[in-house]
Amino acid sequence: MTKPDPVAFIRTNTVPDATALVPEIALHLATEITPIWQATEDWLREHALEPPYWAFAWPGGQALARHVLDNPGLVAGKRVLDFAAGGGIAAIACARAGAAVVEAAEIDDLAWTAIRLNAEINGVRVSVTEGDVVGTACRWDVILCGDVCYEAPMTGHILPWLRAMARAAEVWIADPGRAYLPKSGLSPVGRYLVPTSLELEDRIEREVVLYRLTP
């Protein structure tokens, strides 16, 4: 089946909203009143859609965005990559904090549109990098990674590249306690208690630790 028009699909299945931790940034989010919140895996397959991770503000991305907005000097004037960006909350925070260039990388084509729509409603400029950037040469000063160590294959794919990037850039990983976070080469630089929901997590809040990755 042909995928639906991405802009129309996102506007139909989400509502502009903000999170309690980052009220400054509006996103197109799935909520209890939007159809995609109730979508099953069968429904997604019928519509040729990947799970809509871009439609939720995950704890890691929220923590990164909060940290950037509270410490804008960390990214001001710098080239920033929001890696595996989802809906782009961290990228938008960097743009608001005065980053010189902000890229948001995603492999999901609906996420590409969601990031652009989210940047638009926040009045900022974010460049969307479509596809897998793992393996590319470093062109950034700061790389932000929100909640990326949730599966072994994902972690195994990205971690060697991120460690290589850490030789030339600052690499931050915001992790809410996922099982595949590496056990070494991480220096904690911040902690955030992020409200969540039982529909997305197994608890109503998660502590997210922000780490700096070493090579």
# chains A, B, ... in the order shown; residues from 1 in each chain; ligands from 1

call {"tool": "residues_around", "arguments": {"residues": "A:Thr196", "least_positions_apart": "5", "cutoff": "9 Å", "atoms": "only C-alpha atoms", "output": "CSV table (one decimal) with N, CA and C atoms, in the first residue's frame"}}
result
chain,number,residue,atom,x,y,z
A,57,ALA,N,7.5,12.4,22.7
A,57,ALA,CA,8.7,13.1,23.3
A,57,ALA,C,9.3,12.1,24.3
A,58,TRP,N,10.3,11.4,23.8
A,58,TRP,CA,10.9,10.3,24.7
A,58,TRP,C,11.8,11.0,25.8
A,59,PRO,N,12.0,10.3,26.9
A,59,PRO,CA,12.7,11.0,28.0
A,59,PRO,C,14.1,11.5,27.7
A,201,GLU,N,6.2,3.9,29.0
A,201,GLU,CA,7.2,3.3,29.9
A,201,GLU,C,6.5,2.5,30.9
A,203,ARG,N,6.7,3.1,34.1
A,203,ARG,CA,6.6,4.0,35.3
A,203,ARG,C,6.2,5.4,34.8
A,204,ILE,N,5.8,6.2,35.8
A,204,ILE,CA,5.3,7.6,35.5
A,204,ILE,C,6.4,8.6,35.4
A,205,GLU,N,7.6,8.3,35.7
A,205,GLU,CA,8.7,9.2,35.5
A,205,GLU,C,10.0,8.3,35.4
A,206,ARG,N,11.0,8.9,34.7
A,206,ARG,CA,12.3,8.2,34.6
A,206,ARG,C,13.4,9.2,34.9

call {"tool": "residues_around", "arguments": {"residues": "A:Glu103", "least_positions_apart": "3", "cutoff": "9 Å", "atoms": "only C-alpha atoms", "output": "NGL selection string"}}
result
:A and (79-83 or 91 or 126-129)

call {"tool": "write_last_selection", "arguments": {"atoms": "N, CA and C atoms", "output": "compact mmCIF listing (two decimals), in the first residue's frame"}}
result
# COMPACT_ATOMS: atom_id res chain seq x y z
N ARG A 79 28.29 23.75 15.42
CA ARG A 79 27.61 22.86 14.47
C ARG A 79 27.14 21.63 15.24
N VAL A 80 25.85 21.40 15.22
CA VAL A 80 25.26 20.37 16.09
C VAL A 80 24.50 19.34 15.26
N LEU A 81 24.64 18.09 15.65
CA LEU A 81 23.84 17.00 15.09
C LEU A 81 22.96 16.41 16.17
N ASP A 82 21.65 16.36 15.92
CA ASP A 82 20.72 15.59 16.74
C ASP A 82 20.57 14.24 16.06
N PHE A 83 21.23 13.23 16.62
CA PHE A 83 21.31 11.90 16.00
C PHE A 83 20.13 11.05 16.44
N ALA A 91 17.13 19.04 18.65
CA ALA A 91 17.58 19.91 17.56
C ALA A 91 16.95 21.30 17.67
N VAL A 126 16.08 24.05 11.14
CA VAL A 126 16.74 22.77 11.37
C VAL A 126 16.87 22.07 10.04
N SER A 127 18.08 21.62 9.70
CA SER A 127 18.31 20.88 8.47
C SER A 127 18.10 19.39 8.74
N VAL A 128 17.25 18.75 7.96
CA VAL A 128 16.96 17.33 8.15
C VAL A 128 17.88 16.50 7.26
N THR A 129 18.63 15.60 7.88
CA THR A 129 19.50 14.68 7.16
C THR A 129 18.78 13.35 7.05

call {"tool": "residues_around", "arguments": {"residues": "stretch 180-190 of chain A", "least_positions_apart": "3", "cutoff": "12 Å", "atoms": "only C-alpha atoms", "output": "JSON, numbers by chain"}}
result
{"A": [60, 63, 64, 66, 67, 68, 70, 71, 145, 146, 147, 148, 149, 150, 151, 152, 153, 154, 155, 156, 157, 158, 159, 160, 162, 163, 166, 170, 171, 172, 173, 174, 175, 176, 177, 193, 207, 208, 209, 210, 211, 212, 213, 214, 215]}

call {"tool": "residues_around", "arguments": {"residues": "A:Glu106", "least_positions_apart": "5", "cutoff": "8 Å", "atoms": "only C-alpha atoms", "output": "number ranges by chain"}}
result
A: 83-86, 111-112, 128-132

call {"tool": "write_last_selection", "arguments": {"atoms": "N, CA and C atoms", "output": "PDB file, in the first residue's frame"}}
result
ATOM      1  N   PHE A  83      21.226  13.225  16.615  1.00  0.00           N
ATOM      2  CA  PHE A  83      21.310  11.899  15.995  1.00  0.00           C
ATOM      3  C   PHE A  83      20.131  11.045  16.435  1.00  0.00           C
ATOM      4  N   ALA A  84      19.502  10.341  15.455  1.00  0.00           N
ATOM      5  CA  ALA A  84      18.284   9.566  15.743  1.00  0.00           C
ATOM      6  C   ALA A  84      17.282  10.483  16.432  1.00  0.00           C
ATOM      7  N   ALA A  85      16.932  11.555  15.736  1.00  0.00           N
ATOM      8  CA  ALA A  85      16.308  12.729  16.334  1.00  0.00           C
ATOM      9  C   ALA A  85      14.854  12.558  16.725  1.00  0.00           C
ATOM     10  N   GLY A  86      14.159  11.545  16.198  1.00  0.00           N
ATOM     11  CA  GLY A  86      12.733  11.431  16.488  1.00  0.00           C
ATOM     12  C   GLY A  86      11.987  12.634  15.943  1.00  0.00           C
ATOM     13  N   ALA A 111       9.397  10.768  10.090  1.00  0.00           N
ATOM     14  CA  ALA A 111      10.110  11.615  11.046  1.00  0.00           C
ATOM     15  C   ALA A 111      10.713  12.828  10.348  1.00  0.00           C
ATOM     16  N   TRP A 112      11.182  12.655   9.107  1.00  0.00           N
ATOM     17  CA  TRP A 112      11.738  13.805   8.379  1.00  0.00           C
ATOM     18  C   TRP A 112      10.711  14.931   8.296  1.00  0.00           C
ATOM     19  N   VAL A 128      17.254  18.750   7.962  1.00  0.00           N
ATOM     20  CA  VAL A 128      16.959  17.331   8.154  1.00  0.00           C
ATOM     21  C   VAL A 128      17.878  16.498   7.260  1.00  0.00           C
ATOM     22  N   THR A 129      18.632  15.603   7.885  1.00  0.00           N
ATOM     23  CA  THR A 129      19.500  14.684   7.158  1.00  0.00           C
ATOM     24  C   THR A 129      18.778  13.350   7.053  1.00  0.00           C
ATOM     25  N   GLU A 130      18.426  12.980   5.839  1.00  0.00           N
ATOM     26  CA  GLU A 130      17.578  11.814   5.610  1.00  0.00           C
ATOM     27  C   GLU A 130      18.419  10.559   5.429  1.00  0.00           C
ATOM     28  N   GLY A 131      18.243   9.599   6.320  1.00  0.00           N
ATOM     29  CA  GLY A 131      18.954   8.334   6.205  1.00  0.00           C
ATOM     30  C   GLY A 131      19.980   8.156   7.313  1.00  0.00           C
ATOM     31  N   ASP A 132      20.703   7.060   7.231  1.00  0.00           N
ATOM     32  CA  ASP A 132      21.660   6.653   8.255  1.00  0.00           C
ATOM     33  C   ASP A 132      22.980   7.392   8.059  1.00  0.00           C
TER      34      ASP A 132
END

call {"tool": "select_by_dssp", "arguments": {"residues": "stretch 2-163 of chain A", "states": "strand (DSSP E or B)", "output": "list in words"}}
result
Val15, Pro16, Asp17, Leu27, His28, Leu29, Arg79, Val80, Leu81, Asp82, Phe83, Val101, Val102, Glu103, Ala104, Ala105, Glu106, Ser127, Val128, Thr129, Glu130, Val142, Ile143, Leu144, Cys145 and Gly146 of chain A

call {"tool": "write_last_selection", "arguments": {"atoms": "N, CA and C atoms", "output": "PDB file, in the first residue's frame"}}
result
ATOM      1  N   VAL A  15      -1.387  16.263  17.682  1.00  0.00           N
ATOM      2  CA  VAL A  15      -1.799  17.617  18.037  1.00  0.00           C
ATOM      3  C   VAL A  15      -0.574  18.377  18.511  1.00  0.00           C
ATOM      4  N   PRO A  16      -0.474  19.667  18.210  1.00  0.00           N
ATOM      5  CA  PRO A  16       0.643  20.466  18.742  1.00  0.00           C
ATOM      6  C   PRO A  16       0.531  20.553  20.262  1.00  0.00           C
ATOM      7  N   ASP A  17       1.588  20.168  20.940  1.00  0.00           N
ATOM      8  CA  ASP A  17       1.567  20.140  22.395  1.00  0.00           C
ATOM      9  C   ASP A  17       3.004  20.283  22.887  1.00  0.00           C
ATOM     10  N   LEU A  27       5.549  20.447  19.899  1.00  0.00           N
ATOM     11  CA  LEU A  27       5.785  19.338  18.971  1.00  0.00           C
ATOM     12  C   LEU A  27       4.452  18.783  18.500  1.00  0.00           C
ATOM     13  N   HIS A  28       4.457  18.165  17.320  1.00  0.00           N
ATOM     14  CA  HIS A  28       3.299  17.393  16.882  1.00  0.00           C
ATOM     15  C   HIS A  28       3.371  16.039  17.585  1.00  0.00           C
ATOM     16  N   LEU A  29       2.501  15.834  18.577  1.00  0.00           N
ATOM     17  CA  LEU A  29       2.577  14.653  19.432  1.00  0.00           C
ATOM     18  C   LEU A  29       1.307  13.821  19.349  1.00  0.00           C
ATOM     19  N   ARG A  79      28.292  23.751  15.416  1.00  0.00           N
ATOM     20  CA  ARG A  79      27.613  22.864  14.472  1.00  0.00           C
ATOM     21  C   ARG A  79      27.144  21.634  15.242  1.00  0.00           C
ATOM     22  N   VAL A  80      25.847  21.395  15.222  1.00  0.00           N
ATOM     23  CA  VAL A  80      25.259  20.372  16.091  1.00  0.00           C
ATOM     24  C   VAL A  80      24.501  19.342  15.258  1.00  0.00           C
ATOM     25  N   LEU A  81      24.637  18.087  15.649  1.00  0.00           N
ATOM     26  CA  LEU A  81      23.839  17.003  15.087  1.00  0.00           C
ATOM     27  C   LEU A  81      22.956  16.410  16.166  1.00  0.00           C
ATOM     28  N   ASP A  82      21.653  16.364  15.918  1.00  0.00           N
ATOM     29  CA  ASP A  82      20.720  15.595  16.744  1.00  0.00           C
ATOM     30  C   ASP A  82      20.574  14.240  16.057  1.00  0.00           C
ATOM     31  N   PHE A  83      21.226  13.225  16.615  1.00  0.00           N
ATOM     32  CA  PHE A  83      21.310  11.899  15.995  1.00  0.00           C
ATOM     33  C   PHE A  83      20.131  11.045  16.435  1.00  0.00           C
ATOM     34  N   VAL A 101      24.710  25.853  13.151  1.00  0.00           N
ATOM     35  CA  VAL A 101      24.105  24.906  12.212  1.00  0.00           C
ATOM     36  C   VAL A 101      23.512  23.779  13.027  1.00  0.00           C
ATOM     37  N   VAL A 102      22.284  23.407  12.713  1.00  0.00           N
ATOM     38  CA  VAL A 102      21.638  22.291  13.406  1.00  0.00           C
ATOM     39  C   VAL A 102      21.141  21.290  12.373  1.00  0.00           C
ATOM     40  N   GLU A 103      21.630  20.053  12.480  1.00  0.00           N
ATOM     41  CA  GLU A 103      21.148  18.951  11.653  1.00  0.00           C
ATOM     42  C   GLU A 103      20.406  17.961  12.547  1.00  0.00           C
ATOM     43  N   ALA A 104      19.341  17.397  12.018  1.00  0.00           N
ATOM     44  CA  ALA A 104      18.612  16.330  12.695  1.00  0.00           C
ATOM     45  C   ALA A 104      18.610  15.126  11.761  1.00  0.00           C
ATOM     46  N   ALA A 105      19.218  14.033  12.181  1.00  0.00           N
ATOM     47  CA  ALA A 105      19.340  12.836  11.353  1.00  0.00           C
ATOM     48  C   ALA A 105      18.331  11.791  11.787  1.00  0.00           C
ATOM     49  N   GLU A 106      17.634  11.235  10.800  1.00  0.00           N
ATOM     50  CA  GLU A 106      16.645  10.183  11.060  1.00  0.00           C
ATOM     51  C   GLU A 106      16.572   9.248   9.861  1.00  0.00           C
ATOM     52  N   SER A 127      18.075  21.625   9.700  1.00  0.00           N
ATOM     53  CA  SER A 127      18.305  20.878   8.467  1.00  0.00           C
ATOM     54  C   SER A 127      18.105  19.392   8.740  1.00  0.00           C
ATOM     55  N   VAL A 128      17.254  18.750   7.962  1.00  0.00           N
ATOM     56  CA  VAL A 128      16.959  17.331   8.154  1.00  0.00           C
ATOM     57  C   VAL A 128      17.878  16.498   7.260  1.00  0.00           C
ATOM     58  N   THR A 129      18.632  15.603   7.885  1.00  0.00           N
ATOM     59  CA  THR A 129      19.500  14.684   7.158  1.00  0.00           C
ATOM     60  C   THR A 129      18.778  13.350   7.053  1.00  0.00           C
ATOM     61  N   GLU A 130      18.426  12.980   5.839  1.00  0.00           N
ATOM     62  CA  GLU A 130      17.578  11.814   5.610  1.00  0.00           C
ATOM     63  C   GLU A 130      18.419  10.559   5.429  1.00  0.00           C
ATOM     64  N   VAL A 142      29.222  19.193  18.153  1.00  0.00           N
ATOM     65  CA  VAL A 142      28.468  18.514  19.205  1.00  0.00           C
ATOM     66  C   VAL A 142      27.493  17.546  18.557  1.00  0.00           C
ATOM     67  N   ILE A 143      27.431  16.328  19.091  1.00  0.00           N
ATOM     68  CA  ILE A 143      26.474  15.317  18.635  1.00  0.00           C
ATOM     69  C   ILE A 143      25.625  14.908  19.834  1.00  0.00           C
ATOM     70  N   LEU A 144      24.306  15.034  19.684  1.00  0.00           N
ATOM     71  CA  LEU A 144      23.366  14.701  20.745  1.00  0.00           C
ATOM     72  C   LEU A 144      22.654  13.397  20.417  1.00  0.00           C
ATOM     73  N   CYS A 145      22.586  12.509  21.388  1.00  0.00           N
ATOM     74  CA  CYS A 145      21.953  11.204  21.195  1.00  0.00           C
ATOM     75  C   CYS A 145      20.978  10.968  22.342  1.00  0.00           C
ATOM     76  N   GLY A 146      19.703  11.000  22.061  1.00  0.00           N
ATOM     77  CA  GLY A 146      18.709  10.787  23.099  1.00  0.00           C
ATOM     78  C   GLY A 146      18.150   9.375  23.079  1.00  0.00           C
TER      79      GLY A 146
END

call {"tool": "closest_residue", "arguments": {"among": "A:Ser197, A:Thr136, A:Asn122, A:Thr31", "to": "A:Asn13", "atoms": "only C-alpha atoms"}}
result
A:Thr31

call {"tool": "atom_distance", "arguments": {"atom1": "atom CA of A:Arg191", "atom2": "atom CA of A:Glu24"}}
result
19.4 Å

call {"tool": "atom_distance", "arguments": {"atom1": "atom CA of A:Ile92", "atom2": "atom CA of A:Pro52"}}
result
19.1 Å

call {"tool": "atom_distance", "arguments": {"atom1": "atom CA of A:Ala20", "atom2": "atom CA of A:Leu44"}}
result
28.7 Å

call {"tool": "select_by_dssp", "arguments": {"residues": "chain A", "states": "alpha helix (DSSP H)", "output": "VMD selection string"}}
result
chain A and resid 6 to 13 41 to 46 59 to 70 89 to 96 109 to 121 152 to 165

call {"tool": "closest_residue", "arguments": {"among": "A:Glu120, A:Glu32, A:Asp202, A:Asp141", "to": "A:Ala99", "atoms": "only C-alpha atoms"}}
result
A:Asp141

call {"tool": "decode", "arguments": {"residues": "stretch 12-147 of chain A", "atoms": "C-alpha atoms", "output": "PDB file, in the first residue's frame"}}
result
ATOM      1  CA  THR A  12      -4.407  14.235  11.329  1.00  0.00           C
ATOM      2  CA  ASN A  13      -2.773  11.921  13.843  1.00  0.00           C
ATOM      3  CA  THR A  14      -1.104  14.381  16.218  1.00  0.00           C
ATOM      4  CA  VAL A  15      -1.799  17.617  18.037  1.00  0.00           C
ATOM      5  CA  PRO A  16       0.643  20.466  18.742  1.00  0.00           C
ATOM      6  CA  ASP A  17       1.567  20.140  22.395  1.00  0.00           C
ATOM      7  CA  ALA A  18       4.470  20.569  24.800  1.00  0.00           C
ATOM      8  CA  THR A  19       5.881  18.515  27.654  1.00  0.00           C
ATOM      9  CA  ALA A  20       6.035  19.525  31.303  1.00  0.00           C
ATOM     10  CA  LEU A  21       9.841  19.389  31.291  1.00  0.00           C
ATOM     11  CA  VAL A  22      10.267  21.462  28.115  1.00  0.00           C
ATOM     12  CA  PRO A  23       7.241  23.762  27.878  1.00  0.00           C
ATOM     13  CA  GLU A  24       9.125  26.162  25.601  1.00  0.00           C
ATOM     14  CA  ILE A  25       9.000  23.746  22.644  1.00  0.00           C
ATOM     15  CA  ALA A  26       5.834  22.639  20.852  1.00  0.00           C
ATOM     16  CA  LEU A  27       5.785  19.338  18.971  1.00  0.00           C
ATOM     17  CA  HIS A  28       3.299  17.393  16.882  1.00  0.00           C
ATOM     18  CA  LEU A  29       2.577  14.653  19.432  1.00  0.00           C
ATOM     19  CA  ALA A  30       0.342  11.625  19.655  1.00  0.00           C
ATOM     20  CA  THR A  31      -2.023  11.834  22.611  1.00  0.00           C
ATOM     21  CA  GLU A  32      -4.950   9.853  23.928  1.00  0.00           C
ATOM     22  CA  ILE A  33      -7.260  11.813  21.606  1.00  0.00           C
ATOM     23  CA  THR A  34      -5.320  11.132  18.388  1.00  0.00           C
ATOM     24  CA  PRO A  35      -5.925   8.041  16.212  1.00  0.00           C
ATOM     25  CA  ILE A  36      -2.311   6.900  16.049  1.00  0.00           C
ATOM     26  CA  TRP A  37      -2.210   6.487  19.842  1.00  0.00           C
ATOM     27  CA  GLN A  38      -4.548   3.508  19.434  1.00  0.00           C
ATOM     28  CA  ALA A  39      -2.876   2.102  16.302  1.00  0.00           C
ATOM     29  CA  THR A  40      -1.873  -1.566  16.414  1.00  0.00           C
ATOM     30  CA  GLU A  41       1.070  -3.197  14.665  1.00  0.00           C
ATOM     31  CA  ASP A  42      -1.378  -4.708  12.161  1.00  0.00           C
ATOM     32  CA  TRP A  43      -2.755  -1.244  11.365  1.00  0.00           C
ATOM     33  CA  LEU A  44       0.744   0.124  10.859  1.00  0.00           C
ATOM     34  CA  ARG A  45       1.642  -2.730   8.502  1.00  0.00           C
ATOM     35  CA  GLU A  46      -1.549  -2.205   6.509  1.00  0.00           C
ATOM     36  CA  HIS A  47      -0.556   1.427   6.000  1.00  0.00           C
ATOM     37  CA  ALA A  48       3.125   0.599   5.260  1.00  0.00           C
ATOM     38  CA  LEU A  49       4.241   2.557   8.320  1.00  0.00           C
ATOM     39  CA  GLU A  50       7.036   2.088  10.827  1.00  0.00           C
ATOM     40  CA  PRO A  51       6.168   2.495  14.535  1.00  0.00           C
ATOM     41  CA  PRO A  52       5.652   6.249  15.046  1.00  0.00           C
ATOM     42  CA  TYR A  53       8.521   6.915  17.443  1.00  0.00           C
ATOM     43  CA  TRP A  54       8.656  10.483  16.098  1.00  0.00           C
ATOM     44  CA  ALA A  55       5.199  11.181  17.578  1.00  0.00           C
ATOM     45  CA  PHE A  56       6.339  10.916  21.205  1.00  0.00           C
ATOM     46  CA  ALA A  57       8.701  13.061  23.267  1.00  0.00           C
ATOM     47  CA  TRP A  58      10.942  10.347  24.703  1.00  0.00           C
ATOM     48  CA  PRO A  59      12.715  10.977  28.030  1.00  0.00           C
ATOM     49  CA  GLY A  60      16.226  11.165  26.565  1.00  0.00           C
ATOM     50  CA  GLY A  61      15.318  13.817  24.021  1.00  0.00           C
ATOM     51  CA  GLN A  62      13.495  15.859  26.638  1.00  0.00           C
ATOM     52  CA  ALA A  63      16.502  15.787  28.965  1.00  0.00           C
ATOM     53  CA  LEU A  64      18.833  16.897  26.171  1.00  0.00           C
ATOM     54  CA  ALA A  65      16.516  19.740  25.215  1.00  0.00           C
ATOM     55  CA  ARG A  66      16.211  20.910  28.829  1.00  0.00           C
ATOM     56  CA  HIS A  67      19.989  20.781  29.306  1.00  0.00           C
ATOM     57  CA  VAL A  68      20.620  22.800  26.159  1.00  0.00           C
ATOM     58  CA  LEU A  69      18.006  25.435  26.931  1.00  0.00           C
ATOM     59  CA  ASP A  70      19.382  25.843  30.459  1.00  0.00           C
ATOM     60  CA  ASN A  71      23.007  25.923  29.238  1.00  0.00           C
ATOM     61  CA  PRO A  72      22.902  27.602  25.804  1.00  0.00           C
ATOM     62  CA  GLY A  73      26.636  28.319  25.798  1.00  0.00           C
ATOM     63  CA  LEU A  74      27.264  24.604  25.272  1.00  0.00           C
ATOM     64  CA  VAL A  75      25.982  24.821  21.689  1.00  0.00           C
ATOM     65  CA  ALA A  76      25.873  28.534  20.802  1.00  0.00           C
ATOM     66  CA  GLY A  77      27.776  29.193  17.587  1.00  0.00           C
ATOM     67  CA  LYS A  78      28.514  25.488  17.077  1.00  0.00           C
ATOM     68  CA  ARG A  79      27.613  22.864  14.472  1.00  0.00           C
ATOM     69  CA  VAL A  80      25.259  20.372  16.091  1.00  0.00           C
ATOM     70  CA  LEU A  81      23.839  17.003  15.087  1.00  0.00           C
ATOM     71  CA  ASP A  82      20.720  15.595  16.744  1.00  0.00           C
ATOM     72  CA  PHE A  83      21.310  11.899  15.995  1.00  0.00           C
ATOM     73  CA  ALA A  84      18.284   9.566  15.743  1.00  0.00           C
ATOM     74  CA  ALA A  85      16.308  12.729  16.334  1.00  0.00           C
ATOM     75  CA  GLY A  86      12.733  11.431  16.488  1.00  0.00           C
ATOM     76  CA  GLY A  87      10.555  14.532  16.389  1.00  0.00           C
ATOM     77  CA  GLY A  88      13.585  16.801  16.757  1.00  0.00           C
ATOM     78  CA  ILE A  89      13.093  18.238  20.241  1.00  0.00           C
ATOM     79  CA  ALA A  90      16.833  18.404  20.980  1.00  0.00           C
ATOM     80  CA  ALA A  91      17.584  19.913  17.560  1.00  0.00           C
ATOM     81  CA  ILE A  92      14.956  22.602  18.093  1.00  0.00           C
ATOM     82  CA  ALA A  93      16.425  23.397  21.510  1.00  0.00           C
ATOM     83  CA  CYS A  94      19.863  23.818  19.925  1.00  0.00           C
ATOM     84  CA  ALA A  95      18.480  26.159  17.287  1.00  0.00           C
ATOM     85  CA  ARG A  96      16.801  28.229  19.987  1.00  0.00           C
ATOM     86  CA  ALA A  97      20.055  28.273  21.960  1.00  0.00           C
ATOM     87  CA  GLY A  98      21.939  29.861  19.067  1.00  0.00           C
ATOM     88  CA  ALA A  99      23.736  26.952  17.403  1.00  0.00           C
ATOM     89  CA  ALA A 100      25.285  27.999  14.091  1.00  0.00           C
ATOM     90  CA  VAL A 101      24.105  24.906  12.212  1.00  0.00           C
ATOM     91  CA  VAL A 102      21.638  22.291  13.406  1.00  0.00           C
ATOM     92  CA  GLU A 103      21.148  18.951  11.653  1.00  0.00           C
ATOM     93  CA  ALA A 104      18.612  16.330  12.695  1.00  0.00           C
ATOM     94  CA  ALA A 105      19.340  12.836  11.353  1.00  0.00           C
ATOM     95  CA  GLU A 106      16.645  10.183  11.060  1.00  0.00           C
ATOM     96  CA  ILE A 107      16.014   7.033   9.021  1.00  0.00           C
ATOM     97  CA  ASP A 108      12.197   7.211   9.200  1.00  0.00           C
ATOM     98  CA  ASP A 109      10.709   9.230   6.339  1.00  0.00           C
ATOM     99  CA  LEU A 110       7.703  10.323   8.409  1.00  0.00           C
ATOM    100  CA  ALA A 111      10.110  11.615  11.046  1.00  0.00           C
ATOM    101  CA  TRP A 112      11.738  13.805   8.379  1.00  0.00           C
ATOM    102  CA  THR A 113       8.428  15.558   7.844  1.00  0.00           C
ATOM    103  CA  ALA A 114       7.642  15.702  11.565  1.00  0.00           C
ATOM    104  CA  ILE A 115      10.965  17.403  12.303  1.00  0.00           C
ATOM    105  CA  ARG A 116      10.344  19.994   9.595  1.00  0.00           C
ATOM    106  CA  LEU A 117       6.825  20.678  10.866  1.00  0.00           C
ATOM    107  CA  ASN A 118       8.049  20.894  14.460  1.00  0.00           C
ATOM    108  CA  ALA A 119      10.835  23.302  13.523  1.00  0.00           C
ATOM    109  CA  GLU A 120       8.303  25.421  11.646  1.00  0.00           C
ATOM    110  CA  ILE A 121       5.883  25.779  14.553  1.00  0.00           C
ATOM    111  CA  ASN A 122       8.796  26.794  16.777  1.00  0.00           C
ATOM    112  CA  GLY A 123      10.098  29.334  14.283  1.00  0.00           C
ATOM    113  CA  VAL A 124      13.592  27.843  13.978  1.00  0.00           C
ATOM    114  CA  ARG A 125      15.769  26.452  11.208  1.00  0.00           C
ATOM    115  CA  VAL A 126      16.743  22.769  11.371  1.00  0.00           C
ATOM    116  CA  SER A 127      18.305  20.878   8.467  1.00  0.00           C
ATOM    117  CA  VAL A 128      16.959  17.331   8.154  1.00  0.00           C
ATOM    118  CA  THR A 129      19.500  14.684   7.158  1.00  0.00           C
ATOM    119  CA  GLU A 130      17.578  11.814   5.610  1.00  0.00           C
ATOM    120  CA  GLY A 131      18.954   8.334   6.205  1.00  0.00           C
ATOM    121  CA  ASP A 132      21.660   6.653   8.255  1.00  0.00           C
ATOM    122  CA  VAL A 133      24.639   8.923   8.944  1.00  0.00           C
ATOM    123  CA  VAL A 134      26.654   6.193  10.676  1.00  0.00           C
ATOM    124  CA  GLY A 135      29.983   5.921   8.880  1.00  0.00           C
ATOM    125  CA  THR A 136      30.162   9.511   7.665  1.00  0.00           C
ATOM    126  CA  ALA A 137      33.060  11.788   8.525  1.00  0.00           C
ATOM    127  CA  CYS A 138      32.626  14.203  11.395  1.00  0.00           C
ATOM    128  CA  ARG A 139      31.403  17.679  10.420  1.00  0.00           C
ATOM    129  CA  TRP A 140      29.952  18.652  13.813  1.00  0.00           C
ATOM    130  CA  ASP A 141      31.175  20.145  17.070  1.00  0.00           C
ATOM    131  CA  VAL A 142      28.468  18.514  19.205  1.00  0.00           C
ATOM    132  CA  ILE A 143      26.474  15.317  18.635  1.00  0.00           C
ATOM    133  CA  LEU A 144      23.366  14.701  20.745  1.00  0.00           C
ATOM    134  CA  CYS A 145      21.953  11.204  21.195  1.00  0.00           C
ATOM    135  CA  GLY A 146      18.709  10.787  23.099  1.00  0.00           C
ATOM    136  CA  ASP A 147      17.814   7.267  24.273  1.00  0.00           C
TER     137      ASP A 147
END
